[in-house]
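Chemist: A single structure is presented below for examination.
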Amino acid sequence: MKRALYSESIAGFRKSTPEEILGTLTENTSFTLEPTQRNAWLEEIHILKKVLGSYEGRIYFEYAIPRMGKRIDALLIVGPAIIIIEFKIGETEFTLAGTDQVWDYALDLKNFHEASHARLIAPLLCASRSEKVITPVFRMPHNDLLLCPIHCSVDSIGFVIGKVVMLAKDEAAIDPDEWERGRYCPTPTIIEAAMALYKGHSVHEISRNDASATNLSLTSDTVAEVIRESRGGNFKSICFVTGVPGAGKTLVGLNVATQHSDLNDNLYSVFLSGNGPLVAILREALARDHVANEKAAGRPMRIGRARSEVSAFIQNVHHFRDECLRDPGPPIEHVALFDEAQRAWDLAQTSSFMRRKKNVPNFDRSEPEFLISCLNRHPDWAVVVCLVGGGQEINTGEAGISEWIRALKQSFPNWHIYISSRLTDSEYGAGSILKEVERHPNLVTKDELHLAVSMRSFRAENVSHLVKHLLDLEPNGAREALEKLRDKYPIAITRNLAKAEQWLRDRARGTERYGIVVSSQAERLKPHAIDVKSPMDPVNWFLNGKEHVRSSYYLEDVATEFDVQGLELDWACITWDADFRHDRAGWQHWSFKGDRWERIRKAERRSYQKNAYRVLLTRARQGMVIVVPPGDHDDPTRHPDFYNPTFAYLSQIGFDSI
């Protein structure tokens, strides 16, 4: 697939007239060409014709970045260097947004295009009406051959290209044909993925498909086949998709939902989640993106209308449940995908909620049983897809996956059951109940329903293993996992929050998102200006830019496990309080009540607390810093003895200390 609207050797580019080049660009354009775009292309062509006279290589105009849904204005392969140019035609100033834009393009190639991994990449921002300017050409401390963005004017762009080529002179020249054949293996955030899928892209286009990972496309295709068979055979089915943290379960769910919604065919699907922040963030991200796309296409749209359209695609599971309570008929959707299905409520929690909040006394079904019953109302066929994370129950009353199996066994014996081959693993908590349905006549086990490799951390797939060993008090296993990812995924520990914040700022490039995450029980971090009880808006925290004081970038508002579960940051600071502390006996669980810490004695609550730290420690895609405060001898609620053993345990594992 051609990624650029125009691709030619630099020699061929020099020989072609601007009109011929413009003709190729126009011919390959799928959108309506505005005069401003035509004029911009002509000016870019003239600029580059003047400065590329003595170089050999290849030039690309409008090179596609699939993960971001955008195109690079011009990309040059010159000798051993890749040069990315973002033109701001008619502009006199270099904006932060423009700098981040070209930096993001370069990062995307560096991280996700195999043929670019080990190559010097130079991002250039050219404001065509600026005075002659050159920012320094230098490498970043990341030591990954990605240069800091270079600001240049029309008069200096030729000089800058020469400096970049000289900087890479000791490297082997790039073969453009081989470079073009390099695989593009993107790992989008869940927000980026949702936007791409909503626009009609497939999961294959926006996800990596290398041999080291069970392909997301394979899992999606397996679920799609279950839907086709259920519809064709007029029977009802349930699928259980499992995966390690960050493996792409939510991505599979979004893909299936978008691929199985066809109004002309009377096929409706809905993606459901009880994770309120996730639903709110995805809805708002899709709505904002939809408005921006419509505006760019000359079709202005109000944000309210966009939000209304998106709400039919992604819904809060509790709103879906309430609608089914009001209407006894079958829902319009034949396919329902439940994200984080292990978090559905057990019978006691559901019954209590119905009595207190919905004035429904004596409600006698757990949430899984009721949700299955809603789809069971269809007279012909239906499919429920449960996306299951292991060891992530963090709320009182969350039933785990065993309740879904129990409901099927007791109330829906005719449903076909498709389970991941890993559903028996201990972290899913379904082993014993699965034995009771192992002779079910329509039980099918499929390896393809398990996602074994974390896609969140594209730099290292051992993060979830490291966190598991760390929390399970297996320091030797944690050390081994750490050594496997040390060069790819930096992790640091410190006693100083200010140092941690600077560590984040030094490493994040472009619009890479960073922020502080803490346990919801971390109530004695107030001396460090961290108040978990202070209201924060997850939508603003995750979606707003660097200029917004309520965004994660400001490092003022913090997010808890409830805000970030199912989402991710590029870089994270985990600030560790005395609620979950280490000593010689292992992990100790505490809750702050009034003016003192009290032990948590219920096994269920201790499990939730451990899982909260599992969520926090698996949010970062590129690296993290862990802060364990030093405590204060003069404050009995923050005594150093509450913190020092935890820091000592982390130090024993071998994390770099700053």
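Here, A, B, ... name the chains of the structure tokens in the order displayed, residue numbers run from 1 inside each chain, and ligands are numbered from 1 in the same displayed order.
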Would you list the contacts of Ser420 of chain A as a PyMOL selection string, taking every protein, DNA or RNA residue within 9 Å and counting only C-alpha atoms, but skipping same-chain residues closer than 2 positions in sequence?

Modeler: chain A and resi 239-242+418+422-424+444-450

Chemist: Could you write out the selected residues, including all heavy atoms, as a short mmCIF file (atom, residue, chain, number, x, y, z; two decimals), in the first residue's frame?

Modeler:
```cif
data_model
loop_
_atom_site.label_atom_id
_atom_site.label_comp_id
_atom_site.auth_asym_id
_atom_site.auth_seq_id
_atom_site.Cartn_x
_atom_site.Cartn_y
_atom_site.Cartn_z
N CYS A 239 -19.05 -15.36 24.60
CA CYS A 239 -17.59 -15.51 24.40
C CYS A 239 -16.86 -14.89 25.58
O CYS A 239 -17.22 -13.80 26.03
CB CYS A 239 -17.14 -14.76 23.15
SG CYS A 239 -17.23 -15.69 21.65
N PHE A 240 -15.82 -15.56 26.05
CA PHE A 240 -14.96 -15.00 27.09
C PHE A 240 -13.57 -14.78 26.50
O PHE A 240 -12.86 -15.74 26.17
CB PHE A 240 -14.89 -15.94 28.30
CG PHE A 240 -16.19 -16.08 29.03
CD1 PHE A 240 -17.06 -17.12 28.72
CD2 PHE A 240 -16.57 -15.17 30.00
CE1 PHE A 240 -18.28 -17.26 29.38
CE2 PHE A 240 -17.78 -15.29 30.66
CZ PHE A 240 -18.64 -16.34 30.35
N VAL A 241 -13.19 -13.51 26.37
CA VAL A 241 -11.88 -13.13 25.84
C VAL A 241 -11.01 -12.70 27.01
O VAL A 241 -11.37 -11.79 27.76
CB VAL A 241 -12.00 -11.98 24.82
CG1 VAL A 241 -10.62 -11.54 24.34
CG2 VAL A 241 -12.86 -12.41 23.64
N THR A 242 -9.87 -13.36 27.19
CA THR A 242 -8.97 -13.03 28.28
C THR A 242 -7.71 -12.38 27.74
O THR A 242 -7.41 -12.43 26.55
CB THR A 242 -8.59 -14.29 29.08
OG1 THR A 242 -7.99 -15.24 28.19
CG2 THR A 242 -9.80 -14.91 29.74
N TYR A 418 -18.19 -20.10 24.51
CA TYR A 418 -16.87 -20.11 23.91
C TYR A 418 -15.90 -19.48 24.92
O TYR A 418 -16.08 -18.31 25.29
CB TYR A 418 -16.85 -19.32 22.61
CG TYR A 418 -17.76 -19.89 21.54
CD1 TYR A 418 -19.12 -19.59 21.53
CD2 TYR A 418 -17.26 -20.73 20.55
CE1 TYR A 418 -19.97 -20.11 20.55
CE2 TYR A 418 -18.10 -21.25 19.56
CZ TYR A 418 -19.45 -20.94 19.58
OH TYR A 418 -20.27 -21.46 18.61
N ARG A 422 -7.23 -19.89 28.50
CA ARG A 422 -6.54 -19.43 29.71
C ARG A 422 -7.50 -18.99 30.81
O ARG A 422 -7.06 -18.48 31.84
CB ARG A 422 -5.61 -18.27 29.34
CG ARG A 422 -4.53 -18.64 28.33
CD ARG A 422 -3.51 -19.60 28.91
NE ARG A 422 -2.75 -18.95 29.95
CZ ARG A 422 -1.67 -18.20 29.72
NH1 ARG A 422 -1.24 -18.02 28.47
NH2 ARG A 422 -1.01 -17.65 30.70
N LEU A 423 -8.80 -19.19 30.61
CA LEU A 423 -9.77 -18.76 31.61
C LEU A 423 -9.60 -19.54 32.91
O LEU A 423 -10.07 -19.11 33.97
CB LEU A 423 -11.20 -18.92 31.08
CG LEU A 423 -12.30 -18.17 31.81
CD1 LEU A 423 -12.07 -16.66 31.76
CD2 LEU A 423 -13.67 -18.50 31.22
N THR A 424 -8.93 -20.68 32.84
CA THR A 424 -8.69 -21.49 34.04
C THR A 424 -7.54 -20.95 34.89
O THR A 424 -7.35 -21.40 36.02
CB THR A 424 -8.37 -22.94 33.65
OG1 THR A 424 -7.27 -22.94 32.73
CG2 THR A 424 -9.57 -23.60 32.99
N VAL A 444 -17.02 -24.68 23.91
CA VAL A 444 -15.88 -24.71 22.99
C VAL A 444 -14.75 -23.89 23.58
O VAL A 444 -14.95 -22.75 24.01
CB VAL A 444 -16.27 -24.14 21.60
CG1 VAL A 444 -15.07 -24.17 20.67
CG2 VAL A 444 -17.44 -24.91 21.00
N THR A 445 -13.55 -24.47 23.62
CA THR A 445 -12.37 -23.77 24.11
C THR A 445 -11.50 -23.36 22.93
O THR A 445 -11.22 -24.18 22.05
CB THR A 445 -11.56 -24.67 25.06
OG1 THR A 445 -12.39 -25.04 26.17
CG2 THR A 445 -10.33 -23.93 25.58
N LYS A 446 -11.09 -22.11 22.90
CA LYS A 446 -10.30 -21.60 21.78
C LYS A 446 -9.09 -20.82 22.29
O LYS A 446 -9.23 -19.87 23.07
CB LYS A 446 -11.16 -20.69 20.89
CG LYS A 446 -12.21 -21.42 20.06
CD LYS A 446 -12.97 -20.46 19.17
CE LYS A 446 -13.91 -21.19 18.22
NZ LYS A 446 -13.18 -21.91 17.16
N ASP A 447 -7.91 -21.23 21.83
CA ASP A 447 -6.69 -20.49 22.17
C ASP A 447 -6.74 -19.06 21.65
O ASP A 447 -6.16 -18.14 22.25
CB ASP A 447 -5.46 -21.18 21.57
CG ASP A 447 -5.19 -22.55 22.18
OD1 ASP A 447 -5.69 -22.81 23.30
OD2 ASP A 447 -4.50 -23.36 21.54
N GLU A 448 -7.43 -18.85 20.53
CA GLU A 448 -7.45 -17.53 19.88
C GLU A 448 -8.18 -16.48 20.71
O GLU A 448 -8.10 -15.29 20.41
CB GLU A 448 -8.12 -17.63 18.51
CG GLU A 448 -7.40 -18.53 17.52
CD GLU A 448 -7.81 -19.98 17.61
OE1 GLU A 448 -8.47 -20.36 18.62
OE2 GLU A 448 -7.50 -20.75 16.69
N LEU A 449 -8.89 -16.90 21.76
CA LEU A 449 -9.61 -15.94 22.59
C LEU A 449 -8.77 -15.41 23.75
O LEU A 449 -9.29 -14.71 24.61
CB LEU A 449 -10.90 -16.58 23.13
CG LEU A 449 -11.96 -16.91 22.08
CD1 LEU A 449 -13.16 -17.61 22.72
CD2 LEU A 449 -12.42 -15.64 21.35
N HIS A 450 -7.47 -15.73 23.74
CA HIS A 450 -6.57 -15.18 24.76
C HIS A 450 -5.53 -14.29 24.10
O HIS A 450 -4.93 -14.65 23.09
CB HIS A 450 -5.86 -16.29 25.53
CG HIS A 450 -4.91 -15.77 26.58
ND1 HIS A 450 -5.35 -15.14 27.73
CD2 HIS A 450 -3.55 -15.75 26.63
CE1 HIS A 450 -4.31 -14.77 28.45
NE2 HIS A 450 -3.20 -15.12 27.81
#
```

Chemist: Once DSSP has gone over the backbone, tell me which residues of segment 554-607 of chain A are in helix (DSSP H, G or I), as a list in words.

Modeler: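 Output for segment 554-607 of chain A, helix (DSSP H, G or I) only: Tyr554, Glu561, Phe562, Asp563, Val564, Ala603, Glu604, Arg605, Arg606 and Ser607 of chain A.
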
Chemist: Leaving out segment 484-499 of chain A and any residue of its chain fewer than 2 positions from it, which residues lie within 7 Å of it when counting only C-alpha atoms, given as a PyMOL selection string?

Modeler: chain A and resi 459-460+462+480-482+501-503+622-630+655-658

Chemist: If you measure from atom CA of Gly594 of chain A to atom CA of Pro645 of chain A, what distance in Å do you get, rounded to one decimal?

Modeler: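 Interatomic distance, atom CA of Gly594 of chain A to atom CA of Pro645 of chain A: 24.6 Å.
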
Chemist: Taking only residues of segment 283-376 of chain A that have an atom at most 12 Å from an atom of segment 22-41 of chain A, what is each one's shortest atom pair and its distance in Å to one decimal, using only C-alpha atoms, in chain and number order, as CSV?

Modeler:
```
residue,atom,partner,partner_atom,distance
A:Asn293,CA,A:Phe31,CA,11.9
A:Ala296,CA,A:Phe31,CA,10.2
A:Ala297,CA,A:Thr32,CA,8.1
A:Gly298,CA,A:Thr32,CA,9.7
```

Chemist: Can you pull out every residue from segment 289-388 of chain A that DSSP, working from the backbone, puts in strand (DSSP E), and format the result as a JSON list (two decimals) with C-alpha atoms, in the first residue's frame?

Modeler:
```
[["chain", "number", "residue", "atom", "x", "y", "z"],
["A", 314, "ILE", "CA", -20.40, 3.31, 23.62],
["A", 315, "GLN", "CA", -22.66, 3.09, 26.66],
["A", 316, "ASN", "CA", -22.34, 2.78, 30.38],
["A", 335, "VAL", "CA", -24.43, -8.10, 20.05],
["A", 336, "ALA", "CA", -23.32, -6.71, 23.42],
["A", 337, "LEU", "CA", -19.67, -6.45, 24.43],
["A", 338, "PHE", "CA", -18.99, -6.09, 28.14],
["A", 339, "ASP", "CA", -15.61, -4.55, 28.92],
["A", 382, "ALA", "CA", -27.80, -13.00, 20.34],
["A", 383, "VAL", "CA", -24.13, -12.83, 21.30],
["A", 384, "VAL", "CA", -22.58, -11.61, 24.53],
["A", 385, "VAL", "CA", -18.81, -10.98, 24.54],
["A", 386, "CYS", "CA", -17.13, -10.75, 27.95],
["A", 387, "LEU", "CA", -13.73, -9.03, 27.91],
["A", 388, "VAL", "CA", -11.96, -10.33, 31.00]]
```

Chemist: Can you pull out the residues contacting Glu568 of chain A? Cut-off 12 Å, using only C-alpha atoms, and skip same-chain residues under 5 positions away; I want them as an MDAnalysis selection string.

Modeler: chainID A and resid 187:192 245:248 278 281 455:457 512:517 541:543 552 559 561 563 615:624

Chemist: Please, could you write that set of residues out with C-alpha atoms as an mmCIF file, in the first residue's frame?

Modeler:
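The resulting file, again-v8.cif, is reproduced below:
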```
data_model
loop_
_atom_site.group_PDB
_atom_site.id
_atom_site.type_symbol
_atom_site.label_atom_id
_atom_site.label_comp_id
_atom_site.auth_asym_id
_atom_site.auth_seq_id
_atom_site.Cartn_x
_atom_site.Cartn_y
_atom_site.Cartn_z
ATOM 1 C CA THR A 187 0.459 0.380 19.084
ATOM 2 C CA PRO A 188 -2.206 3.038 19.565
ATOM 3 C CA THR A 189 -3.576 4.206 22.871
ATOM 4 C CA ILE A 190 -7.148 3.125 23.481
ATOM 5 C CA ILE A 191 -8.279 6.684 22.714
ATOM 6 C CA GLU A 192 -6.418 6.730 19.373
ATOM 7 C CA PRO A 245 -3.091 -6.054 31.278
ATOM 8 C CA GLY A 246 -2.780 -3.885 28.186
ATOM 9 C CA ALA A 247 -3.138 -6.800 25.754
ATOM 10 C CA GLY A 248 -5.885 -5.114 23.749
ATOM 11 C CA LEU A 278 -13.414 5.264 30.352
ATOM 12 C CA ILE A 281 -13.329 9.883 27.945
ATOM 13 C CA MET A 455 0.272 -4.033 23.625
ATOM 14 C CA ARG A 456 0.169 -1.057 25.955
ATOM 15 C CA SER A 457 3.896 -1.039 26.424
ATOM 16 C CA GLU A 512 3.419 12.071 24.861
ATOM 17 C CA ARG A 513 1.100 12.179 27.864
ATOM 18 C CA TYR A 514 2.371 11.976 31.424
ATOM 19 C CA GLY A 515 0.758 12.344 34.825
ATOM 20 C CA ILE A 516 0.708 11.358 38.493
ATOM 21 C CA VAL A 517 -1.340 8.342 39.597
ATOM 22 C CA TRP A 541 -7.088 15.127 32.609
ATOM 23 C CA PHE A 542 -6.772 12.704 29.681
ATOM 24 C CA LEU A 543 -7.844 14.807 26.700
ATOM 25 C CA SER A 552 -2.418 15.548 33.380
ATOM 26 C CA ALA A 559 -5.715 10.200 38.994
ATOM 27 C CA GLU A 561 -7.028 3.497 39.923
ATOM 28 C CA ASP A 563 -9.832 7.030 36.839
ATOM 29 C CA VAL A 615 -3.588 -1.112 37.876
ATOM 30 C CA LEU A 616 -1.379 1.873 38.753
ATOM 31 C CA LEU A 617 1.857 0.046 37.934
ATOM 32 C CA THR A 618 0.653 -1.113 34.507
ATOM 33 C CA ARG A 619 -0.577 2.225 33.101
ATOM 34 C CA ALA A 620 2.602 3.509 31.450
ATOM 35 C CA ARG A 621 3.484 2.647 27.839
ATOM 36 C CA GLN A 622 7.059 3.933 27.808
ATOM 37 C CA GLY A 623 8.339 4.153 31.362
ATOM 38 C CA MET A 624 7.536 5.110 34.933
#
```

Chemist: Work out how far atom CA of Gly243 of chain A is from atom CA of Leu267 of chain A, in Å to one decimal.

Modeler: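 Separation between atom CA of Leu267 of chain A and atom CA of Gly243 of chain A: 27.4 Å.
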
Chemist: Would you mind telling me which residue in A:Tyr55, A:Gly586, A:Arg305, A:Ala97 lies nearest to Ile161 of chain A when using only C-alpha atoms?

Modeler: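 Counting only C-alpha atoms, the residue closest to Ile161 of chain A is A:Tyr55.
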
Chemist: Show me, as a PDB file with N, CA and C atoms, in the first residue's frame, the residues that have an atom within 10 Å of Leu167 of chain A when counting only C-alpha atoms, minus same-chain residues fewer than 3 positions from it.

Modeler:
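Writing the result to around-v7.pdb gives the following:
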```
ATOM      1  N   PRO A  80      22.054   8.517   4.996  1.00  0.00           N
ATOM      2  CA  PRO A  80      21.693   7.711   6.168  1.00  0.00           C
ATOM      3  C   PRO A  80      20.613   8.347   7.043  1.00  0.00           C
ATOM      4  N   ALA A  81      20.016   9.456   6.594  1.00  0.00           N
ATOM      5  CA  ALA A  81      19.096  10.217   7.446  1.00  0.00           C
ATOM      6  C   ALA A  81      17.665  10.204   6.915  1.00  0.00           C
ATOM      7  N   LEU A 120      18.753   7.624  12.104  1.00  0.00           N
ATOM      8  CA  LEU A 120      18.687   8.998  12.579  1.00  0.00           C
ATOM      9  C   LEU A 120      17.483   9.692  11.942  1.00  0.00           C
ATOM     10  N   VAL A 137      21.048  21.960  16.158  1.00  0.00           N
ATOM     11  CA  VAL A 137      20.808  20.585  15.712  1.00  0.00           C
ATOM     12  C   VAL A 137      21.541  19.673  16.690  1.00  0.00           C
ATOM     13  N   PHE A 138      20.784  18.958  17.537  1.00  0.00           N
ATOM     14  CA  PHE A 138      21.447  18.105  18.536  1.00  0.00           C
ATOM     15  C   PHE A 138      20.586  16.889  18.863  1.00  0.00           C
ATOM     16  N   ARG A 139      21.264  15.887  19.419  1.00  0.00           N
ATOM     17  CA  ARG A 139      20.586  14.651  19.796  1.00  0.00           C
ATOM     18  C   ARG A 139      20.016  14.773  21.205  1.00  0.00           C
ATOM     19  N   ILE A 161      19.351  20.811   6.437  1.00  0.00           N
ATOM     20  CA  ILE A 161      19.411  19.475   5.827  1.00  0.00           C
ATOM     21  C   ILE A 161      20.861  19.011   5.722  1.00  0.00           C
ATOM     22  N   GLY A 162      21.754  19.919   5.338  1.00  0.00           N
ATOM     23  CA  GLY A 162      23.167  19.579   5.252  1.00  0.00           C
ATOM     24  C   GLY A 162      23.752  19.192   6.598  1.00  0.00           C
ATOM     25  N   LYS A 163      23.384  19.940   7.658  1.00  0.00           N
ATOM     26  CA  LYS A 163      23.880  19.638   9.003  1.00  0.00           C
ATOM     27  C   LYS A 163      23.412  18.259   9.458  1.00  0.00           C
ATOM     28  N   VAL A 164      22.144  17.933   9.163  1.00  0.00           N
ATOM     29  CA  VAL A 164      21.593  16.639   9.576  1.00  0.00           C
ATOM     30  C   VAL A 164      22.324  15.505   8.870  1.00  0.00           C
ATOM     31  N   ASP A 170      28.434   8.831   9.518  1.00  0.00           N
ATOM     32  CA  ASP A 170      29.097   7.568   9.850  1.00  0.00           C
ATOM     33  C   ASP A 170      28.157   6.367   9.768  1.00  0.00           C
ATOM     34  N   GLU A 171      26.878   6.622   9.532  1.00  0.00           N
ATOM     35  CA  GLU A 171      25.898   5.541   9.430  1.00  0.00           C
ATOM     36  C   GLU A 171      25.801   5.062   7.985  1.00  0.00           C
TER      37      GLU A 171
END
```

Chemist: I'd like the neighbourhood of Lys88 of chain A as a VMD selection string, where a residue qualifies if any of its atoms comes within 9 Å (using only C-alpha atoms), though same-chain residues fewer than 2 positions away should be ignored.

Modeler: chain A and resid 40 86 90 to 94 98 125 to 129

Chemist: List the spatial neighbours of Ser411 of chain A as a PyMOL selection string - criterion: any atom at most 9 Å away, only C-alpha atoms, same-chain residues fewer than 5 positions off excluded.

Modeler: chain A and resi 369+373+406

Chemist: Put those residues in a file: N, CA and C atoms, as a PDB file, in the first residue's frame.

Modeler:
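Saved the output as part.pdb:
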```pdb
ATOM      1  N   GLU A 369     -26.204 -12.332  35.512  1.00  0.00           N
ATOM      2  CA  GLU A 369     -27.412 -13.077  35.153  1.00  0.00           C
ATOM      3  C   GLU A 369     -28.446 -12.159  34.505  1.00  0.00           C
ATOM      4  N   SER A 373     -29.813 -12.185  30.615  1.00  0.00           N
ATOM      5  CA  SER A 373     -31.262 -12.322  30.402  1.00  0.00           C
ATOM      6  C   SER A 373     -31.793 -11.260  29.437  1.00  0.00           C
ATOM      7  N   ARG A 406     -21.597 -19.254  36.453  1.00  0.00           N
ATOM      8  CA  ARG A 406     -22.658 -19.788  37.318  1.00  0.00           C
ATOM      9  C   ARG A 406     -24.041 -19.438  36.759  1.00  0.00           C
TER      10      ARG A 406
END
```

Chemist: So which one's closest to Pro186 of chain A, A:Val539, A:Val252, A:Val244, A:Leu107? Using only C-alpha atoms, please.

Modeler: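 Looking at the shortest contact to Pro186 of chain A, the residue is A:Leu107.
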
Chemist: Rank nothing, just name the residue among A:Lys70, A:Arg365, A:Arg231, A:His440 nearest to Arg3 of chain A, using only C-alpha atoms.

Modeler: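 When distances to Arg3 of chain A are compared using only C-alpha atoms, the smallest one comes from A:Lys70.
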
Chemist: Using only C-alpha atoms, pick whichever of A:Ser220, A:Gln349, A:Ser519, A:Asn376 has the shortest atom-to-atom distance to Gly329 of chain A.

Modeler: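 Of the candidates, the smallest distance to Gly329 of chain A is held by A:Asn376.
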
Chemist: Using atom CA of Glu62 of chain A and atom CA of Ala292 of chain A as the two end points, give the distance in Å to one decimal.

Modeler: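 The value is 19.4 Å.
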